[in-house]
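Q: What follows is entry_18.cif, mmCIF, C-alpha atoms.
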data_start
loop_
_atom_site.label_atom_id
_atom_site.label_comp_id
_atom_site.auth_asym_id
_atom_site.auth_seq_id
_atom_site.Cartn_x
_atom_site.Cartn_y
_atom_site.Cartn_z
CA MET A 1 10.05 119.33 6.87
CA THR A 2 9.80 115.92 8.47
CA LYS A 3 11.47 115.87 11.90
CA VAL A 4 13.43 112.82 13.15
CA LEU A 5 14.81 112.41 16.68
CA ILE A 6 18.02 110.32 16.96
CA ALA A 7 19.01 109.15 20.49
CA ASP A 8 22.35 107.32 20.88
CA ASP A 9 25.21 107.58 23.40
CA SER A 10 27.80 107.16 20.60
CA ILE A 11 28.78 110.40 18.86
CA ALA A 12 29.95 108.45 15.80
CA VAL A 13 26.58 106.74 15.36
CA ARG A 14 24.77 110.08 15.82
CA LYS A 15 26.92 111.77 13.19
CA VAL A 16 26.50 108.96 10.65
CA ALA A 17 22.73 108.82 11.17
CA GLU A 18 22.47 112.62 10.97
CA ARG A 19 24.40 112.72 7.70
CA LEU A 20 22.35 109.91 6.13
CA LEU A 21 18.98 111.42 7.08
CA THR A 22 19.97 115.03 6.35
CA GLU A 23 21.06 114.06 2.84
CA ALA A 24 17.65 112.38 2.47
CA GLY A 25 15.88 115.67 3.24
CA PHE A 26 14.87 115.13 6.88
CA GLY A 27 15.22 117.54 9.77
CA VAL A 28 17.32 115.79 12.43
CA THR A 29 17.53 116.40 16.20
CA LEU A 30 20.25 114.60 18.20
CA ALA A 31 20.08 113.33 21.81
CA ALA A 32 23.19 111.97 23.57
CA ASN A 33 21.22 109.71 25.97
CA GLY A 34 17.76 108.59 26.99
CA GLU A 35 17.19 111.48 29.41
CA GLU A 36 17.79 114.07 26.69
CA ALA A 37 15.45 112.17 24.37
CA LEU A 38 12.67 112.13 26.99
CA ALA A 39 13.16 115.84 27.72
CA TYR A 40 12.84 116.63 24.00
CA LEU A 41 9.76 114.38 23.59
CA ALA A 42 8.08 116.11 26.52
CA LYS A 43 8.18 119.42 24.60
CA GLU A 44 8.30 118.52 20.90
CA THR A 45 6.47 116.10 18.61
CA PRO A 46 8.82 114.54 16.05
CA ASP A 47 7.54 112.53 13.11
CA LEU A 48 9.80 109.55 13.92
CA VAL A 49 12.10 108.44 16.76
CA VAL A 50 15.34 106.46 16.26
CA SER A 51 16.76 105.23 19.58
CA ASP A 52 19.67 103.03 20.63
CA VAL A 53 18.70 100.02 22.78
CA ILE A 54 21.53 100.26 25.35
CA MET A 55 22.20 103.73 26.84
CA PRO A 56 23.65 104.76 30.23
CA ASP A 57 20.51 106.17 31.88
CA LYS A 58 17.31 105.32 29.98
CA SER A 59 17.27 102.44 27.51
CA GLY A 60 15.66 102.50 24.10
CA TYR A 61 12.84 100.32 25.44
CA GLU A 62 12.03 102.97 28.06
CA VAL A 63 12.09 105.72 25.40
CA CYS A 64 9.67 103.67 23.26
CA ALA A 65 7.40 103.03 26.25
CA PHE A 66 7.33 106.79 26.98
CA VAL A 67 6.34 107.53 23.37
CA ARG A 68 3.54 104.98 23.45
CA ALA A 69 2.27 106.38 26.78
CA GLN A 70 1.81 109.92 25.36
CA ARG A 71 -1.43 110.61 23.53
CA SER A 72 0.20 113.13 21.19
CA LEU A 73 2.95 110.63 20.26
CA ALA A 74 0.90 107.43 20.19
CA ASN A 75 1.13 107.10 16.37
CA THR A 76 4.80 108.18 16.14
CA PRO A 77 6.94 105.37 14.68
CA VAL A 78 9.84 104.21 16.89
CA LEU A 79 12.83 102.47 15.28
CA LEU A 80 15.28 100.80 17.71
CA ILE A 81 18.94 100.29 16.75
CA SER A 82 21.32 97.80 18.36
CA GLY A 83 24.74 96.26 17.77
CA ILE A 84 23.24 92.84 18.58
CA VAL A 85 19.87 91.76 17.20
CA ASN A 86 18.76 88.41 18.65
CA ASP A 87 15.54 86.81 19.89
CA GLU A 88 15.78 88.56 23.27
CA VAL A 89 16.15 92.03 21.72
CA THR A 90 13.33 91.33 19.27
CA LYS A 91 11.05 90.07 22.07
CA GLN A 92 11.66 93.18 24.23
CA ALA A 93 11.13 95.45 21.21
CA GLU A 94 7.77 93.79 20.60
CA SER A 95 6.84 94.09 24.28
CA CYS A 96 7.33 97.89 24.21
CA HIS A 97 5.49 98.11 20.82
CA ALA A 98 8.45 99.35 18.78
CA ASP A 99 8.01 99.47 14.99
CA GLY A 100 11.24 97.61 14.27
CA VAL A 101 14.87 96.89 15.16
CA LEU A 102 17.81 97.82 12.90
CA LYS A 103 21.31 96.37 13.36
CA LYS A 104 24.34 98.64 13.73
CA PRO A 105 26.53 99.48 11.85
CA PHE A 106 24.19 100.72 9.09
CA GLN A 107 24.72 99.07 5.72
CA GLY A 108 24.44 101.53 2.84
CA THR A 109 21.08 103.30 2.84
CA SER A 110 19.41 100.84 5.22
CA LEU A 111 18.64 103.53 7.83
CA LYS A 112 17.21 105.96 5.28
CA ASP A 113 15.13 103.23 3.60
CA ARG A 114 13.74 102.03 6.92
CA VAL A 115 12.83 105.57 8.01
CA VAL A 116 11.12 106.27 4.69
CA GLU A 117 9.23 102.98 4.97
CA LEU A 118 7.98 103.69 8.52
CA LEU A 119 6.93 107.26 7.64
CA ALA A 120 5.06 105.96 4.58
CA LYS A 121 3.07 103.58 6.82
CA ARG A 122 2.17 106.38 9.24
CA PRO A 123 -1.50 107.43 8.74
CA GLY A 124 -1.94 110.94 7.35
CA ALA A 125 1.73 111.50 6.56
CA ALA A 126 4.13 110.75 3.73
CA ALA A 127 7.87 110.52 3.71
CA PRO A 128 9.68 113.26 1.80
CA ALA A 129 11.47 112.34 -1.33
CA ALA A 130 15.19 112.05 -0.98
CA LYS A 131 17.16 114.96 -2.27
CA SER A 132 19.11 114.29 -5.42
CA VAL A 133 22.28 116.21 -5.90
CA GLU A 134 22.95 116.87 -9.52
CA LYS A 135 26.14 118.21 -10.90
CA VAL A 136 25.57 120.93 -13.50
CA ALA A 137 28.33 121.30 -15.93
CA VAL A 138 28.64 124.89 -17.05
CA PRO A 139 30.54 125.14 -20.27
CA ILE A 140 33.02 127.93 -20.24
CA GLU A 141 34.38 129.24 -23.47
CA LEU A 142 37.92 130.24 -23.22
CA THR A 143 38.14 132.70 -26.10
CA PRO A 144 40.22 135.65 -24.98
CA SER A 145 39.64 138.84 -26.94
CA ALA A 146 42.69 140.83 -25.87
CA ARG A 147 46.23 140.31 -24.66
CA GLY A 148 45.41 141.86 -21.27
CA ARG A 149 43.20 138.93 -20.44
CA ASP A 150 45.77 136.20 -21.19
CA GLU A 151 47.07 136.25 -17.64
CA GLU A 152 43.54 136.07 -16.20
CA MET A 153 42.72 133.14 -18.48
CA GLU A 154 45.85 131.33 -17.39
CA ILE A 155 44.90 131.79 -13.72
CA TYR A 156 41.40 130.57 -14.48
CA GLN A 157 42.67 127.50 -16.30
CA LYS A 158 44.94 126.66 -13.35
CA ALA A 159 42.02 127.10 -10.95
CA ALA A 160 39.79 124.92 -13.14
CA ALA A 161 42.51 122.28 -13.28
CA ARG A 162 42.73 122.26 -9.48
CA VAL A 163 38.94 121.85 -9.05
CA LYS A 164 38.82 118.24 -10.26
CA PRO A 165 41.63 116.92 -7.99
CA LEU A 166 40.03 118.72 -5.08
CA GLU A 167 36.68 117.12 -5.87
CA GLU A 168 38.33 113.69 -6.08
CA GLU A 169 40.15 114.28 -2.81
CA LEU A 170 36.86 115.39 -1.24
CA LEU A 171 35.15 112.19 -2.37
CA VAL A 172 38.03 110.12 -0.98
CA GLU A 173 37.78 111.92 2.37
CA ARG A 174 34.03 111.35 2.44
CA ASP A 175 34.46 107.63 1.82
CA ARG A 176 37.16 107.47 4.46
CA ALA A 177 34.92 109.27 6.98
CA ILE A 178 32.03 106.88 6.20
CA ARG A 179 34.28 103.82 6.66
CA SER A 180 35.61 105.25 9.91
CA ALA A 181 32.08 105.86 11.18
CA GLN A 182 31.06 102.31 10.22
CA ARG A 183 34.12 100.93 12.01
CA VAL A 184 33.25 102.94 15.11
CA THR A 185 29.68 101.62 14.93
CA GLN A 186 31.04 98.05 14.78
CA LEU A 187 33.14 98.78 17.84
CA GLU A 188 30.02 100.07 19.59
CA GLY A 189 28.32 96.74 18.79
CA GLN A 190 31.28 94.88 20.26
CA LEU A 191 31.01 97.09 23.35
CA ASP A 192 27.35 96.06 23.69
CA SER A 193 28.50 92.42 23.49
CA ALA A 194 31.02 93.11 26.26
CA LYS A 195 28.25 94.56 28.44
CA GLU A 196 26.17 91.40 27.93
CA LEU A 197 29.23 89.30 28.84
CA GLU A 198 29.64 91.33 32.04
CA SER A 199 26.02 90.60 32.98
CA MET A 200 26.58 86.90 32.27
CA LEU A 201 29.73 86.98 34.42
CA ALA A 202 27.76 88.55 37.29
CA SER A 203 25.22 85.72 37.10
CA GLU A 204 28.08 83.18 37.04
CA ARG A 205 29.56 84.81 40.15
CA GLU A 206 26.22 84.47 41.92
CA GLN A 207 26.11 80.77 40.99
CA VAL A 208 29.68 80.31 42.29
CA ALA A 209 28.71 81.94 45.60
CA LEU A 210 25.72 79.59 45.84
CA LEU A 211 27.97 76.61 45.12
CA LYS A 212 30.38 77.76 47.84
CA THR A 213 27.47 77.85 50.28
CA GLN A 214 26.43 74.35 49.23
CA LEU A 215 30.05 73.21 49.62
CA ALA A 216 30.11 74.55 53.19
CA GLU A 217 26.88 72.69 53.90
CA ALA A 218 28.46 69.55 52.41
CA GLY A 219 31.41 70.00 54.82
CA ALA A 220 29.02 70.15 57.77
CA VAL A 221 27.30 67.00 56.50
CA ALA A 222 30.70 65.31 56.17
CA ALA A 223 31.41 66.13 59.84
CA GLN A 224 28.08 64.59 60.79
CA VAL A 225 28.94 61.51 58.73
CA GLN A 226 32.26 61.22 60.59
CA GLU A 227 30.45 61.42 63.93
CA LEU A 228 28.02 58.73 62.75
CA GLY A 229 30.97 56.57 61.73
CA THR A 230 32.48 56.93 65.23
CA THR A 231 29.12 56.03 66.78
CA LEU A 232 28.82 53.04 64.44
CA GLN A 233 32.31 51.86 65.49
CA LYS A 234 31.27 52.01 69.12
CA GLU A 235 28.11 50.07 68.32
CA ARG A 236 30.18 47.43 66.55
CA GLN A 237 32.41 47.07 69.62
CA ALA A 238 29.30 46.72 71.81
CA SER A 239 27.94 44.11 69.37
CA ALA A 240 31.22 42.17 69.63
CA GLN A 241 30.97 42.22 73.43
CA GLN A 242 27.38 41.00 73.20
CA ALA A 243 28.53 38.18 70.90
CA VAL A 244 31.14 37.11 73.49
CA ARG A 245 28.46 37.14 76.17
CA LEU A 246 26.17 35.11 73.90
CA THR A 247 28.93 32.51 73.45
CA LYS A 248 29.26 32.25 77.21
CA LEU A 249 25.51 31.83 77.52
CA GLN A 250 25.56 29.03 74.97
CA HIS A 251 28.35 27.31 76.96
CA GLU A 252 26.28 27.62 80.11
CA ALA A 253 23.29 26.14 78.24
CA SER A 254 25.40 23.10 77.27
CA ARG A 255 26.38 22.71 80.95
CA VAL A 256 22.66 22.76 81.87
CA GLN A 257 22.07 19.86 79.49
CA GLU A 258 24.93 17.99 81.09
CA LEU A 259 23.42 18.66 84.53
CA GLU A 260 20.05 17.43 83.31
CA ALA A 261 21.69 14.19 82.13
CA THR A 262 23.46 13.93 85.47
CA LEU A 263 20.15 14.54 87.25
CA ASN A 264 18.53 11.73 85.31
CA ALA A 265 21.34 9.44 86.26
CA GLU A 266 20.92 10.49 89.87
CA ARG A 267 17.26 9.75 89.68
CA GLN A 268 18.02 6.28 88.47
CA ALA A 269 20.44 5.90 91.33
CA ALA A 270 17.76 7.16 93.71
CA ALA A 271 15.41 4.48 92.45
CA GLN A 272 18.05 1.94 93.15
CA LEU A 273 18.60 3.52 96.59
CA VAL A 274 14.89 3.15 97.32
CA GLU A 275 15.34 -0.51 96.79
CA GLN A 276 18.31 -0.40 99.06
CA MET A 277 16.93 0.63 102.46
CA ALA A 278 20.33 0.93 103.96
CA GLU A 279 21.21 3.92 101.86
CA MET A 280 17.79 5.55 102.16
CA GLU A 281 18.84 8.54 104.19
CA GLN A 282 21.78 9.40 101.94
CA VAL A 283 19.58 9.21 98.85
CA VAL A 284 17.03 11.56 100.45
CA ILE A 285 19.73 14.05 101.29
CA ARG A 286 21.14 13.89 97.82
CA SER A 287 17.68 14.25 96.33
CA GLN A 288 17.08 17.41 98.32
CA ALA A 289 20.40 18.81 97.18
CA LEU A 290 19.56 17.94 93.61
CA GLU A 291 16.21 19.65 93.90
CA LYS A 292 17.92 22.80 95.11
CA GLN A 293 20.35 22.59 92.22
CA LEU A 294 17.46 22.00 89.83
CA LEU A 295 15.74 25.14 91.07
CA GLN A 296 18.96 27.07 90.63
CA GLU A 297 19.43 25.64 87.15
CA GLN A 298 15.85 26.53 86.25
CA GLU A 299 16.47 30.10 87.40
CA ARG A 300 19.66 30.18 85.37
CA THR A 301 17.80 28.78 82.36
CA SER A 302 15.14 31.51 82.58
CA ASP A 303 17.89 34.15 82.94
CA LEU A 304 19.70 32.71 79.90
CA THR A 305 16.43 32.66 77.93
CA ARG A 306 15.90 36.35 78.75
CA ARG A 307 19.48 37.16 77.76
CA VAL A 308 19.13 35.24 74.50
CA ALA A 309 16.02 37.33 73.70
CA GLU A 310 17.99 40.50 74.47
CA SER A 311 20.80 39.22 72.25
CA GLU A 312 18.33 38.68 69.40
CA GLN A 313 17.08 42.25 69.85
CA VAL A 314 20.69 43.47 69.77
CA SER A 315 21.26 41.46 66.58
CA ALA A 316 18.20 43.11 64.99
CA GLN A 317 19.54 46.53 65.98
CA VAL A 318 22.93 45.59 64.49
CA ARG A 319 21.26 44.68 61.19
CA MET A 320 19.39 48.00 61.20
CA LEU A 321 22.64 49.85 61.86
CA GLU A 322 24.31 47.98 59.00
CA GLN A 323 21.50 49.06 56.65
CA ALA A 324 21.81 52.64 57.90
CA LEU A 325 25.58 52.43 57.34
CA ALA A 326 25.05 51.25 53.75
CA THR A 327 22.62 54.13 53.16
CA GLU A 328 25.09 56.64 54.60
CA GLN A 329 27.89 55.22 52.45
CA GLN A 330 25.74 55.65 49.31
CA THR A 331 24.89 59.20 50.41
CA ASN A 332 28.58 59.92 50.94
CA ARG A 333 29.38 58.67 47.45
CA ASP A 334 26.66 60.93 45.99
CA ARG A 335 28.03 63.87 47.94
CA ILE A 336 31.55 63.15 46.71
CA VAL A 337 30.22 63.24 43.13
CA ARG A 338 28.45 66.54 43.83
CA LEU A 339 31.62 67.93 45.41
CA SER A 340 33.63 67.06 42.29
CA GLU A 341 30.98 68.80 40.17
CA VAL A 342 31.22 71.86 42.41
CA GLU A 343 35.00 71.88 42.02
CA ARG A 344 34.66 71.67 38.22
CA THR A 345 32.16 74.55 38.30
CA ALA A 346 34.59 76.59 40.43
CA GLN A 347 37.32 75.90 37.85
CA LYS A 348 34.96 77.10 35.10
CA ALA A 349 34.28 80.25 37.14
CA GLN A 350 38.03 80.91 37.37
CA ASP A 351 38.33 80.42 33.60
CA GLY A 352 35.42 82.89 33.14
CA ALA A 353 37.23 85.41 35.35
CA SER A 354 40.37 85.16 33.21
CA LEU A 355 38.26 85.55 30.06
CA LEU A 356 36.60 88.60 31.60
CA GLN A 357 40.00 90.18 32.28
CA THR A 358 40.97 89.54 28.65
CA GLU A 359 37.69 91.08 27.44
CA ARG A 360 38.26 94.13 29.63
CA GLU A 361 41.69 94.65 28.13
CA ARG A 362 40.23 94.31 24.66
CA ASN A 363 37.47 96.78 25.53
CA SER A 364 40.01 99.34 26.74
CA LEU A 365 41.90 98.94 23.45
CA LEU A 366 38.64 99.31 21.50
CA MET A 367 37.76 102.49 23.42
CA LYS A 368 41.18 103.90 22.54
CA ARG A 369 40.57 103.04 18.86
CA VAL A 370 37.10 104.64 19.02
CA ALA A 371 38.64 107.85 20.36
CA GLU A 372 41.20 107.80 17.56
CA ALA A 373 38.45 107.19 14.98
CA GLU A 374 36.37 110.08 16.36
CA LEU A 375 39.44 112.35 16.20
CA ALA A 376 40.07 111.25 12.60
CA ALA A 377 36.40 111.95 11.75
CA GLU A 378 36.62 115.44 13.25
CA GLN A 379 39.83 116.13 11.31
CA ALA A 380 38.17 114.87 8.11
CA SER A 381 35.20 117.18 8.76
CA LYS A 382 37.55 120.14 9.23
CA ARG A 383 39.38 119.29 6.02
CA PHE A 384 36.05 118.99 4.24
CA GLU A 385 35.01 122.45 5.46
CA GLU A 386 38.36 123.91 4.35
CA MET A 387 38.02 122.34 0.91
CA ALA A 388 34.44 123.60 0.65
CA THR A 389 35.68 127.12 1.47
CA LYS A 390 38.40 126.82 -1.17
CA LEU A 391 35.86 125.56 -3.71
CA GLY A 392 33.66 128.55 -2.92
CA GLU A 393 36.59 130.88 -3.48
CA ILE A 394 37.42 129.16 -6.76
CA ALA A 395 33.79 129.35 -7.84
CA GLY A 396 33.73 133.05 -7.01
CA LEU A 397 36.93 133.62 -8.99
CA ALA A 398 35.50 131.68 -11.91
CA SER A 399 32.31 133.77 -11.76
CA GLN A 400 34.35 136.98 -11.77
CA LEU A 401 36.32 135.75 -14.74
CA GLY A 402 33.11 134.86 -16.58
CA ASN A 403 31.61 138.28 -15.88
CA GLY A 404 34.82 139.90 -17.11
CA LYS A 405 34.57 138.04 -20.40
CA ARG A 406 30.96 138.93 -20.97
CA ARG A 407 31.49 142.67 -20.47
CA PRO A 408 33.50 143.23 -23.61
#
Step by step, read the file and then write its structure as structure tokens.
A:
Amino acid sequence: MTKVLIADDSIAVRKVAERLLTEAGFGVTLAANGEEALAYLAKETPDLVVSDVIMPDKSGYEVCAFVRAQRSLANTPVLLISGIVNDEVTKQAESCHADGVLKKPFQGTSLKDRVVELLAKRPGAAAPAAKSVEKVAVPIELTPSARGRDEEMEIYQKAAARVKPLEEELLVERDRAIRSAQRVTQLEGQLDSAKELESMLASEREQVALLKTQLAEAGAVAAQVQELGTTLQKERQASAQQAVRLTKLQHEASRVQELEATLNAERQAAAQLVEQMAEMEQVVIRSQALEKQLLQEQERTSDLTRRVAESEQVSAQVRMLEQALATEQQTNRDRIVRLSEVERTAQKAQDGASLLQTERERNSLLMKRVAEAELAAEQASKRFEEMATKLGEIAGLASQLGNGKRRP
């Protein structure tokens, strides 16, 4: 008999897969998680492995990698099952050399057909034909030969009349159990989606923490900008003082020009005094005084020239500071834009947290429904066993009645 290993952490999925493959004529071994699957594979050699992708300890990818690493299992087909089948799942399945990915819940005979297909492709092996259950109708002649058997025939007829309703009820219970198992499988797929959402939320939390760090750095930069603004204000005050001093220097320069004009006039007067011998001594004295004043004015002029050069340097520095201020203002505007983006991202993170809380509540409700579905499945199985026992008793009674008729 072909042996198939089924590894899944959901009891509902294991039961559904076991029923589908057992009815198809396969020998099935169940593993509740990846560790149990690896322990079984270390000792046994199944013909095919069916493993869930997401399990608590070892994932389906790790189970597949273990199979491919064993020489005795290198050619064993591995079929992965998952509630979500997207490009990422397909890519990881290809990376671990799995033979395919099947979406849960199983639709109809999709699991059986896929298993048969993979076993048919395996070199040196063939998939067993699915068992066909045929109903054999055994005609029973109800021809009593004596009055003593009338009561037995009546009991038999009542038992035969009860067989058909019981069979119909059994079929209804089977359909109900299959629908319940499919519903539980869908819930398992939704649980896988919730796990992926939790991982996405963790990454979002990391991004929010990074944004908080950047926001703190932006606060430090804002403090530096404020200090630079204070420094710039002081520089502007110093520039204003330098401008006042420059105005004074310009006024002094105009006075120098006036003194030069006065000096020229005095020279003219001196020429006239040369002509006038009587005032010769006074002119000489005044000339000496004017020469002293001229030297002083020349010294003042050189000092003013130096100060004007310093004022020009200060003006150049003021222009540089104005350019730096414009650059800092542009940087501040950019940082304000980034800060608003950070605040919007923080708001999105808060919205994600509220969505996560909602998803958690939904997951708890789904888990409760899964437990109820599993309990209903177990009750249906018990009822099925009880009905099978009753059918066996009825069949035995019918056989006894048939033997009783043949004896006469």
Q: Compile the contact shell of region 315-328 of chain A as a ChimeraX atom specification: residues with an atom at most 10 Å away, counting all atoms listed in the file, same-chain residues fewer than 3 positions apart removed.
A: /A:225,228-229,232,235-236,238-239,242-243,309-312,331-334
Q: Dump C-alpha atoms for the selected residues as a JSON list (two decimals), in the coordinates of the input?
A:
[["chain", "number", "residue", "atom", "x", "y", "z"],
["A", 225, "VAL", "CA", 28.94, 61.51, 58.73],
["A", 228, "LEU", "CA", 28.02, 58.73, 62.75],
["A", 229, "GLY", "CA", 30.97, 56.57, 61.73],
["A", 232, "LEU", "CA", 28.82, 53.04, 64.44],
["A", 235, "GLU", "CA", 28.11, 50.07, 68.32],
["A", 236, "ARG", "CA", 30.18, 47.43, 66.55],
["A", 238, "ALA", "CA", 29.30, 46.72, 71.81],
["A", 239, "SER", "CA", 27.94, 44.11, 69.37],
["A", 242, "GLN", "CA", 27.38, 41.00, 73.20],
["A", 243, "ALA", "CA", 28.53, 38.18, 70.90],
["A", 309, "ALA", "CA", 16.02, 37.33, 73.70],
["A", 310, "GLU", "CA", 17.99, 40.50, 74.47],
["A", 311, "SER", "CA", 20.80, 39.22, 72.25],
["A", 312, "GLU", "CA", 18.33, 38.68, 69.40],
["A", 331, "THR", "CA", 24.89, 59.20, 50.41],
["A", 332, "ASN", "CA", 28.58, 59.92, 50.94],
["A", 333, "ARG", "CA", 29.38, 58.67, 47.45],
["A", 334, "ASP", "CA", 26.66, 60.93, 45.99]]
Q: Compare A:Leu263, A:Ala65, A:Ala120, A:Met367 by their minimum atom-to-atom distance to Leu290 (chain A), counting all atoms listed in the file, and give me the closest one.
A: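 Using all atoms listed in the file, the shortest distance to Leu290 (chain A) belongs to A:Leu263.
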Q: Looking at A:Gln92, A:Glu299, A:Ala42, A:Val53, which one is nearest to Ser72 (chain A), with distances taken over all atoms listed in the file?
A: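 For Ser72 (chain A), the nearest of the candidates is A:Ala42.
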Q: Care to translate the PyMOL selection byres ((chain A and resi 80-85) around 7) into actual residues of this file, as a list of chain:residue names?
A: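 Answer for the PyMOL selection byres ((chain A and resi 80-85) around 7): A:Val50, A:Ser51, A:Asp52, A:Val53, A:Gly60, A:Val78, A:Leu79, A:Asn86, A:Val89, A:Thr90, A:Gly100, A:Val101, A:Leu102, A:Lys103, A:Lys104, A:Pro105, A:Glu188, A:Gly189, A:Asp192.
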Q: If we count all atoms listed in the file, what is near Val49 (chain A) at a cut-off of 9 Å, once residues fewer than 5 positions away on the same chain are taken out, given as a list in words?
A: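 What passes the distance filter is Lys3, Val4, Leu5, Ile6, Ala7, Cys64, Val67, Thr76, Pro77, Val78, Leu79 and Leu80 of chain A.
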Q: Between A:Met280, A:Leu259, A:Ala223, A:Ala17, which residue has the minimum interatomic distance to Val115 (chain A), considering all atoms listed in the file?
A: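 With all atoms listed in the file as the atom set, the closest residue is A:Ala17.
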